[in-house]
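Student: Structure in structure tokens, see below.
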Amino acid sequence: MGYAPLSETERLVLAAEKFLNAPSFKESFPEAGEDIKVMGYRLGKNLTLTVAMAFVDRFIQDAKMYFDRKYSIQKELQEFITKSSGALDSVTVAINTLDDPERGAAGMYLTVLGTSAEAGDGGQVGRGNRVNGVIAFNRPSTTEVAAGKNPISHVGKIYNLQSHEIASHIHREVRGIRKSLFGFAVRSGNPLTGF
């Protein structure tokens, strides 16, 4: 199952993760680990992004540095998302919301590798893992998971990827379509079958 186009919220969630994992960002903030999860919640024209980002401990000297760097990262991301947003009235960014300065190192999201794998989180198949990078609860989805499938004897992985490509192509090429799902398209509120 694939769909197109991405909503503004989906687009900004993906943009936030790509921004935080970009090589230029890592040069400025080497303590920012690669294990980054972004949750977007939009109510009307107000978007809230909650980011869970593992920090690499060897770059953090003490709690003050951790919270200073976290604030700097939050400020950078806030500016980036605000510039990238289209018709939103406000954007709120929060990073590592469970942090607690009162608890010292135990109140910070510090890791050795910059991922949650060292805490036993192996990112097992089935929690989401959509091929377009977004777990959207209001979009159609399949229970077919791309990760872990053998693409030679099981074509599900290819179909998962291709469905988003087909939906994007339909959305771009067929005039009058507001959104497209591989399976059907919507034009002026009427479903059109045969795509």
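In the structure tokens, chains take letters A, B, ... by order of appearance, with residues numbered from 1 within each chain and ligands from 1 in the order shown.
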Using only C-alpha atoms, which protein or nucleic acid residues come within 9 Å of A:Leu88? Drop anything in the same chain fewer than 4 positions from it, and give the result as a list of chain:residue names.

Tutor: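 Residues near the query, excluding close chain neighbours: A:Gly44, A:Lys45, A:Asn46, A:Leu47, A:Thr82.
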
Student: Write out as number ranges by chain which residues come within 9 Å of A:Val93 when counting only C-alpha atoms, dropping same-chain ones fewer than 2 positions away.

Tutor: A: 47-51, 74-75, 77-78, 81, 91, 95

Student: Could you write out the selected residues, including all heavy atoms, as a tab-separated table (two decimals), in the first residue's frame?

Tutor:
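New file part28.tsv:
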```tsv
chain	number	residue	atom	x	y	z
A	47	LEU	N	1.85	22.93	14.85
A	47	LEU	CA	2.57	21.66	14.79
A	47	LEU	C	3.48	21.54	16.00
A	47	LEU	O	4.21	22.47	16.34
A	47	LEU	CB	3.40	21.59	13.50
A	47	LEU	CG	4.30	20.36	13.34
A	47	LEU	CD1	3.47	19.09	13.19
A	47	LEU	CD2	5.24	20.54	12.15
A	48	THR	N	3.45	20.37	16.63
A	48	THR	CA	4.37	20.05	17.71
A	48	THR	C	5.22	18.87	17.28
A	48	THR	O	4.68	17.84	16.86
A	48	THR	CB	3.61	19.69	19.00
A	48	THR	OG1	2.80	20.81	19.38
A	48	THR	CG2	4.57	19.35	20.13
A	49	LEU	N	6.53	19.03	17.34
A	49	LEU	CA	7.46	17.94	17.06
A	49	LEU	C	8.14	17.53	18.36
A	49	LEU	O	8.69	18.39	19.06
A	49	LEU	CB	8.52	18.36	16.05
A	49	LEU	CG	8.06	18.69	14.63
A	49	LEU	CD1	9.25	19.06	13.76
A	49	LEU	CD2	7.29	17.53	14.02
A	50	THR	N	8.09	16.26	18.67
A	50	THR	CA	8.78	15.71	19.82
A	50	THR	C	9.87	14.80	19.28
A	50	THR	O	9.58	13.88	18.53
A	50	THR	CB	7.82	14.94	20.73
A	50	THR	OG1	6.75	15.81	21.12
A	50	THR	CG2	8.52	14.42	21.96
A	51	VAL	N	11.10	15.07	19.68
A	51	VAL	CA	12.26	14.35	19.14
A	51	VAL	C	12.92	13.56	20.26
A	51	VAL	O	13.20	14.09	21.34
A	51	VAL	CB	13.28	15.34	18.54
A	51	VAL	CG1	14.51	14.61	18.01
A	51	VAL	CG2	12.64	16.19	17.45
A	74	GLN	N	17.93	22.12	19.76
A	74	GLN	CA	16.50	22.43	19.70
A	74	GLN	C	16.27	23.75	18.98
A	74	GLN	O	15.38	23.86	18.13
A	74	GLN	CB	15.93	22.48	21.11
A	74	GLN	CG	14.43	22.69	21.17
A	74	GLN	CD	13.90	22.52	22.58
A	74	GLN	OE1	14.36	21.65	23.33
A	74	GLN	NE2	12.94	23.33	22.93
A	75	LYS	N	17.09	24.74	19.27
A	75	LYS	CA	16.98	26.05	18.63
A	75	LYS	C	17.24	25.95	17.13
A	75	LYS	O	16.50	26.52	16.32
A	75	LYS	CB	17.96	27.02	19.29
A	75	LYS	CG	17.86	28.43	18.79
A	75	LYS	CD	18.83	29.33	19.53
A	75	LYS	CE	18.87	30.70	18.88
A	75	LYS	NZ	19.94	31.52	19.38
A	77	LEU	N	16.92	23.26	15.19
A	77	LEU	CA	15.82	22.53	14.57
A	77	LEU	C	14.58	23.40	14.48
A	77	LEU	O	13.88	23.41	13.46
A	77	LEU	CB	15.53	21.24	15.33
A	77	LEU	CG	14.41	20.37	14.76
A	77	LEU	CD1	14.70	19.96	13.31
A	77	LEU	CD2	14.18	19.15	15.64
A	78	GLN	N	14.30	24.16	15.52
A	78	GLN	CA	13.13	25.06	15.52
A	78	GLN	C	13.22	26.05	14.36
A	78	GLN	O	12.25	26.25	13.62
A	78	GLN	CB	13.07	25.82	16.85
A	78	GLN	CG	11.95	26.84	16.95
A	78	GLN	CD	10.63	26.22	17.34
A	78	GLN	OE1	10.59	25.36	18.21
A	78	GLN	NE2	9.56	26.64	16.71
A	81	ILE	N	12.73	24.10	10.92
A	81	ILE	CA	11.34	23.68	10.67
A	81	ILE	C	10.45	24.89	10.43
A	81	ILE	O	9.58	24.87	9.56
A	81	ILE	CB	10.81	22.82	11.83
A	81	ILE	CG1	11.55	21.48	11.87
A	81	ILE	CG2	9.31	22.58	11.71
A	81	ILE	CD1	11.36	20.60	10.65
A	91	VAL	N	5.13	26.39	15.29
A	91	VAL	CA	5.84	25.12	15.38
A	91	VAL	C	6.51	25.08	16.75
A	91	VAL	O	7.20	26.03	17.13
A	91	VAL	CB	6.91	24.98	14.28
A	91	VAL	CG1	7.69	23.70	14.46
A	91	VAL	CG2	6.28	25.03	12.90
A	95	ILE	N	12.88	18.26	22.62
A	95	ILE	CA	13.85	17.18	22.46
A	95	ILE	C	14.05	16.46	23.79
A	95	ILE	O	14.21	17.11	24.83
A	95	ILE	CB	15.20	17.72	21.95
A	95	ILE	CG1	15.02	18.33	20.55
A	95	ILE	CG2	16.27	16.62	21.91
A	95	ILE	CD1	16.26	18.95	19.98
```

Student: Between atom CA of A:Asp35 and atom CA of A:Thr115, what is the distance in Å, rounded to a tenth?

Tutor: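 Going from atom CA of A:Asp35 over to atom CA of A:Thr115, I get 4.6 Å.
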
Student: Under the rule that only C-alpha atoms are counted, which of A:Gly40, A:Gly86, A:Pro101, A:Pro140 is the nearest residue to A:Tyr66?

Tutor: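 So, comparing all the options, the nearest one is A:Pro101.
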
Student: Looking at only C-alpha atoms, which of A:Tyr159, A:Phe67, A:Phe80, A:Phe137 is the one that sits closest to A:Lys18?

Tutor: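 Among the listed residues, the smallest separation from A:Lys18 belongs to A:Phe80.
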
Student: Which of these, A:Leu161, A:Ile36, A:Val134, A:Ala22, has the shortest distance to A:Ala54 once you count only C-alpha atoms?

Tutor: A:Ile36

Student: Name the residues of stretch 2-77 of chain A that fall into helix (DSSP H, G or I) according to DSSP on the backbone, using the chain letters and numbers of this document, as JSON, numbers by chain.

Tutor: {"A": [8, 9, 10, 11, 12, 13, 14, 15, 16, 17, 18, 19, 20, 23, 24, 25, 26, 27, 28, 57, 58, 59, 63, 64, 65, 66, 67, 68, 69, 70, 71, 72, 73, 74, 75, 76, 77]}

Student: Pick out the closest residue to A:Ser163 from this set: A:Val131, A:Glu102, A:Leu113, A:Glu27. Count only C-alpha atoms.

Tutor: A:Val131

Student: When distances are computed from only C-alpha atoms, which of A:Glu165, A:Phe55, A:Ile177, A:Ala15 shows the smallest separation from A:Gly114?

Tutor: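 Nearest to A:Gly114: A:Phe55.
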
Student: Here is a test: counting only C-alpha atoms, which residue of A:Phe29, A:Leu110, A:Arg42, A:Ala94 is nearest to A:Asp62?

Tutor: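 The closest residue to A:Asp62 is A:Leu110.
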
Student: Write out as a CSV table (one decimal) with all heavy atoms, in the first residue's frame all residues of stretch 11-116 of chain A that backbone DSSP assigns to strand (DSSP E).

Tutor:
```
chain,number,residue,atom,x,y,z
A,32,ALA,N,25.3,14.5,18.7
A,32,ALA,CA,24.0,14.1,18.3
A,32,ALA,C,24.1,12.7,17.6
A,32,ALA,O,24.7,12.5,16.6
A,32,ALA,CB,23.4,15.1,17.3
A,33,GLY,N,23.5,11.7,18.3
A,33,GLY,CA,23.6,10.3,17.8
A,33,GLY,C,22.7,10.2,16.6
A,33,GLY,O,21.9,11.0,16.3
A,34,GLU,N,22.9,9.0,15.9
A,34,GLU,CA,22.1,8.8,14.7
A,34,GLU,C,20.7,8.2,14.9
A,34,GLU,O,19.9,8.2,14.1
A,34,GLU,CB,22.9,7.8,13.8
A,34,GLU,CG,23.1,6.5,14.3
A,34,GLU,CD,23.9,5.6,13.4
A,34,GLU,OE1,23.3,4.9,12.6
A,34,GLU,OE2,25.1,5.5,13.6
A,35,ASP,N,20.5,7.7,16.1
A,35,ASP,CA,19.2,7.1,16.4
A,35,ASP,C,18.2,8.3,16.8
A,35,ASP,O,18.2,8.7,18.0
A,35,ASP,CB,19.3,6.1,17.6
A,35,ASP,CG,18.1,5.3,17.8
A,35,ASP,OD1,17.1,5.5,17.1
A,35,ASP,OD2,18.0,4.5,18.7
A,36,ILE,N,17.5,8.7,15.8
A,36,ILE,CA,16.6,9.8,16.0
A,36,ILE,C,15.2,9.5,15.6
A,36,ILE,O,14.9,8.9,14.5
A,36,ILE,CB,17.1,11.0,15.2
A,36,ILE,CG1,18.4,11.5,15.6
A,36,ILE,CG2,16.1,12.2,15.2
A,36,ILE,CD1,19.1,12.5,14.8
A,37,LYS,N,14.2,9.7,16.5
A,37,LYS,CA,12.8,9.5,16.2
A,37,LYS,C,12.1,10.8,16.4
A,37,LYS,O,12.3,11.5,17.4
A,37,LYS,CB,12.3,8.4,17.1
A,37,LYS,CG,12.9,7.1,16.9
A,37,LYS,CD,12.6,6.1,18.0
A,37,LYS,CE,13.3,4.8,17.8
A,37,LYS,NZ,14.7,4.8,18.0
A,38,VAL,N,11.3,11.1,15.4
A,38,VAL,CA,10.5,12.4,15.4
A,38,VAL,C,9.0,12.1,15.4
A,38,VAL,O,8.6,11.4,14.5
A,38,VAL,CB,10.9,13.3,14.2
A,38,VAL,CG1,10.1,14.6,14.3
A,38,VAL,CG2,12.4,13.5,14.2
A,39,MET,N,8.3,12.6,16.3
A,39,MET,CA,6.8,12.4,16.4
A,39,MET,C,6.2,13.8,16.1
A,39,MET,O,6.6,14.8,16.7
A,39,MET,CB,6.3,11.9,17.7
A,39,MET,CG,4.8,11.8,17.7
A,39,MET,SD,4.2,11.1,19.3
A,39,MET,CE,4.6,12.5,20.4
A,40,GLY,N,5.3,13.8,15.1
A,40,GLY,CA,4.6,15.1,14.8
A,40,GLY,C,3.2,15.0,15.2
A,40,GLY,O,2.5,14.0,14.9
A,41,TYR,N,2.7,16.1,15.8
A,41,TYR,CA,1.3,16.2,16.1
A,41,TYR,C,0.8,17.6,15.7
A,41,TYR,O,1.4,18.6,16.0
A,41,TYR,CB,1.1,16.1,17.6
A,41,TYR,CG,-0.3,16.5,18.1
A,41,TYR,CD1,-1.4,15.7,17.9
A,41,TYR,CD2,-0.5,17.7,18.8
A,41,TYR,CE1,-2.6,16.0,18.3
A,41,TYR,CE2,-1.7,18.1,19.2
A,41,TYR,CZ,-2.8,17.2,19.0
A,41,TYR,OH,-4.0,17.6,19.4
A,42,ARG,N,-0.2,17.6,14.8
A,42,ARG,CA,-0.7,18.9,14.3
A,42,ARG,C,-2.1,19.0,14.7
A,42,ARG,O,-3.0,18.1,14.5
A,42,ARG,CB,-0.5,18.9,12.8
A,42,ARG,CG,-1.0,20.2,12.1
A,42,ARG,CD,-0.6,20.2,10.7
A,42,ARG,NE,-1.4,21.2,10.0
A,42,ARG,CZ,-1.4,21.4,8.7
A,42,ARG,NH1,-0.6,20.6,7.9
A,42,ARG,NH2,-2.1,22.3,8.1
A,43,LEU,N,-2.4,20.2,15.2
A,43,LEU,CA,-3.8,20.6,15.5
A,43,LEU,C,-4.1,21.9,14.8
A,43,LEU,O,-3.5,22.9,15.1
A,43,LEU,CB,-4.0,20.7,17.0
A,43,LEU,CG,-5.4,21.1,17.5
A,43,LEU,CD1,-6.4,20.0,17.1
A,43,LEU,CD2,-5.4,21.3,19.0
A,46,ASN,N,-1.1,24.4,14.0
A,46,ASN,CA,-0.1,24.4,15.0
A,46,ASN,C,0.5,23.0,15.0
A,46,ASN,O,-0.2,22.0,15.2
A,46,ASN,CB,-0.7,24.7,16.4
A,46,ASN,CG,-1.3,26.1,16.4
A,46,ASN,OD1,-0.7,27.1,16.0
A,46,ASN,ND2,-2.6,26.1,16.6
A,47,LEU,N,1.8,22.9,14.8
A,47,LEU,CA,2.6,21.7,14.8
A,47,LEU,C,3.5,21.5,16.0
A,47,LEU,O,4.2,22.5,16.3
A,47,LEU,CB,3.4,21.6,13.5
A,47,LEU,CG,4.3,20.4,13.3
A,47,LEU,CD1,3.5,19.1,13.2
A,47,LEU,CD2,5.2,20.5,12.2
A,48,THR,N,3.5,20.4,16.6
A,48,THR,CA,4.4,20.1,17.7
A,48,THR,C,5.2,18.9,17.3
A,48,THR,O,4.7,17.8,16.9
A,48,THR,CB,3.6,19.7,19.0
A,48,THR,OG1,2.8,20.8,19.4
A,48,THR,CG2,4.6,19.4,20.1
A,49,LEU,N,6.5,19.0,17.3
A,49,LEU,CA,7.5,17.9,17.1
A,49,LEU,C,8.1,17.5,18.4
A,49,LEU,O,8.7,18.4,19.1
A,49,LEU,CB,8.5,18.4,16.0
A,49,LEU,CG,8.1,18.7,14.6
A,49,LEU,CD1,9.2,19.1,13.8
A,49,LEU,CD2,7.3,17.5,14.0
A,50,THR,N,8.1,16.3,18.7
A,50,THR,CA,8.8,15.7,19.8
A,50,THR,C,9.9,14.8,19.3
A,50,THR,O,9.6,13.9,18.5
A,50,THR,CB,7.8,14.9,20.7
A,50,THR,OG1,6.8,15.8,21.1
A,50,THR,CG2,8.5,14.4,22.0
A,51,VAL,N,11.1,15.1,19.7
A,51,VAL,CA,12.3,14.4,19.1
A,51,VAL,C,12.9,13.6,20.3
A,51,VAL,O,13.2,14.1,21.3
A,51,VAL,CB,13.3,15.3,18.5
A,51,VAL,CG1,14.5,14.6,18.0
A,51,VAL,CG2,12.6,16.2,17.5
A,52,ALA,N,13.2,12.3,20.0
A,52,ALA,CA,14.0,11.5,20.9
A,52,ALA,C,15.3,11.3,20.1
A,52,ALA,O,15.4,10.7,19.0
A,52,ALA,CB,13.3,10.1,21.1
A,53,MET,N,16.4,11.8,20.7
A,53,MET,CA,17.7,11.7,20.1
A,53,MET,C,18.8,11.3,21.1
A,53,MET,O,19.0,12.0,22.1
A,53,MET,CB,18.1,13.1,19.5
A,53,MET,CG,19.4,13.1,18.8
A,53,MET,SD,19.8,14.6,18.0
A,53,MET,CE,19.6,15.8,19.3
A,54,ALA,N,19.4,10.2,20.8
A,54,ALA,CA,20.5,9.7,21.7
A,54,ALA,C,21.7,10.6,21.6
A,54,ALA,O,22.0,11.0,20.5
A,54,ALA,CB,20.8,8.3,21.3
A,55,PHE,N,22.3,11.0,22.7
A,55,PHE,CA,23.5,11.7,22.7
A,55,PHE,C,24.7,10.8,22.9
A,55,PHE,O,24.6,9.8,23.7
A,55,PHE,CB,23.5,12.8,23.8
A,55,PHE,CG,22.8,14.1,23.4
A,55,PHE,CD1,21.5,14.1,23.1
A,55,PHE,CD2,23.5,15.3,23.4
A,55,PHE,CE1,20.8,15.2,22.8
A,55,PHE,CE2,22.8,16.4,23.1
A,55,PHE,CZ,21.5,16.4,22.8
A,56,VAL,N,25.8,11.0,22.2
A,56,VAL,CA,27.0,10.2,22.3
A,56,VAL,C,27.8,10.8,23.5
A,56,VAL,O,28.3,11.9,23.5
A,56,VAL,CB,27.9,10.3,21.0
A,56,VAL,CG1,29.1,9.4,21.2
A,56,VAL,CG2,27.0,9.8,19.8
A,90,SER,N,2.2,28.1,13.9
A,90,SER,CA,3.3,27.9,14.9
A,90,SER,C,3.9,26.5,14.9
A,90,SER,O,3.2,25.5,14.4
A,90,SER,CB,2.7,28.1,16.4
A,90,SER,OG,1.8,27.1,16.7
A,91,VAL,N,5.1,26.4,15.3
A,91,VAL,CA,5.8,25.1,15.4
A,91,VAL,C,6.5,25.1,16.7
A,91,VAL,O,7.2,26.0,17.1
A,91,VAL,CB,6.9,25.0,14.3
A,91,VAL,CG1,7.7,23.7,14.5
A,91,VAL,CG2,6.3,25.0,12.9
A,92,THR,N,6.3,24.0,17.5
A,92,THR,CA,6.9,23.8,18.8
A,92,THR,C,7.8,22.6,18.7
A,92,THR,O,7.4,21.5,18.2
A,92,THR,CB,5.9,23.6,19.9
A,92,THR,OG1,5.0,24.7,19.9
A,92,THR,CG2,6.5,23.4,21.2
A,93,VAL,N,9.1,22.7,19.1
A,93,VAL,CA,10.0,21.6,19.1
A,93,VAL,C,10.4,21.2,20.5
A,93,VAL,O,10.8,22.1,21.2
A,93,VAL,CB,11.2,21.9,18.2
A,93,VAL,CG1,12.3,20.8,18.3
A,93,VAL,CG2,10.8,22.1,16.8
A,94,ALA,N,10.4,20.0,20.8
A,94,ALA,CA,10.8,19.5,22.2
A,94,ALA,C,11.8,18.3,21.9
A,94,ALA,O,11.5,17.4,21.1
A,94,ALA,CB,9.7,19.1,23.0
A,95,ILE,N,12.9,18.3,22.6
A,95,ILE,CA,13.9,17.2,22.5
A,95,ILE,C,14.1,16.5,23.8
A,95,ILE,O,14.2,17.1,24.8
A,95,ILE,CB,15.2,17.7,21.9
A,95,ILE,CG1,15.0,18.3,20.6
A,95,ILE,CG2,16.3,16.6,21.9
A,95,ILE,CD1,16.3,19.0,20.0
A,110,LEU,N,22.0,9.6,27.3
A,110,LEU,CA,23.3,9.4,26.9
A,110,LEU,C,23.6,7.9,26.5
A,110,LEU,O,23.1,7.0,27.2
A,110,LEU,CB,24.3,9.7,28.1
A,110,LEU,CG,24.4,11.2,28.5
A,110,LEU,CD1,25.3,11.3,29.8
A,110,LEU,CD2,25.0,12.0,27.4
A,111,THR,N,24.3,7.8,25.4
A,111,THR,CA,24.6,6.4,24.9
A,111,THR,C,26.1,6.4,24.5
A,111,THR,O,26.7,7.4,24.3
A,111,THR,CB,23.7,6.1,23.7
A,111,THR,OG1,24.1,6.9,22.6
A,111,THR,CG2,22.3,6.1,24.0
```

Student: Find the residues around A:Ala63 up to 12 Å (only C-alpha atoms counted), leave out those fewer than 4 positions away in its own chain, and share them as a PyMOL selection string.

Tutor: chain A and resi 55+57+59+67-70+99-110

Student: At a cut-off of 12 Å, using only C-alpha atoms, what residues contact A:Ser7? Leave out same-chain residues fewer than 3 positions from it and give the result as a list in words.

Tutor: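 With the cut-off at 12 Å, the set is Tyr3, Ala4, Glu10, Arg11, Leu12, Val13, Leu14, Gly40, Tyr41, Arg42, Ser85, Gly86, Ala87, Val134, Ala136, Asn138, Arg139, Arg178, Lys179 and Ser180 of chain A.
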
Student: For the selection you just gave me, I'd like the residues written to a file as a PDB file, in the first residue's frame, keeping C-alpha atoms.

Tutor:
```
ATOM      1  CA  TYR A   3       0.107   6.953  -0.965  1.00  0.00           C
ATOM      2  CA  ALA A   4       0.969  10.417  -2.240  1.00  0.00           C
ATOM      3  CA  GLU A  10       4.643  13.997   7.333  1.00  0.00           C
ATOM      4  CA  ARG A  11       6.951  16.101   5.165  1.00  0.00           C
ATOM      5  CA  LEU A  12       8.211  18.117   8.149  1.00  0.00           C
ATOM      6  CA  VAL A  13       8.738  15.019  10.319  1.00  0.00           C
ATOM      7  CA  LEU A  14      10.936  13.504   7.603  1.00  0.00           C
ATOM      8  CA  GLY A  40       4.648  15.085  14.789  1.00  0.00           C
ATOM      9  CA  TYR A  41       1.291  16.221  16.132  1.00  0.00           C
ATOM     10  CA  ARG A  42      -0.677  18.853  14.279  1.00  0.00           C
ATOM     11  CA  SER A  85       6.862  25.042   7.096  1.00  0.00           C
ATOM     12  CA  GLY A  86       4.308  26.358   4.657  1.00  0.00           C
ATOM     13  CA  ALA A  87       1.019  27.550   6.042  1.00  0.00           C
ATOM     14  CA  VAL A 134       6.700   7.612   8.182  1.00  0.00           C
ATOM     15  CA  ALA A 136       1.156   7.588   9.887  1.00  0.00           C
ATOM     16  CA  ASN A 138      -4.395   8.026   9.593  1.00  0.00           C
ATOM     17  CA  ARG A 139      -3.041   6.521   6.351  1.00  0.00           C
ATOM     18  CA  ARG A 178      -5.708  15.671  -4.801  1.00  0.00           C
ATOM     19  CA  LYS A 179      -4.282  12.498  -3.305  1.00  0.00           C
ATOM     20  CA  SER A 180      -3.438   9.106  -4.574  1.00  0.00           C
TER      21      SER A 180
END
```
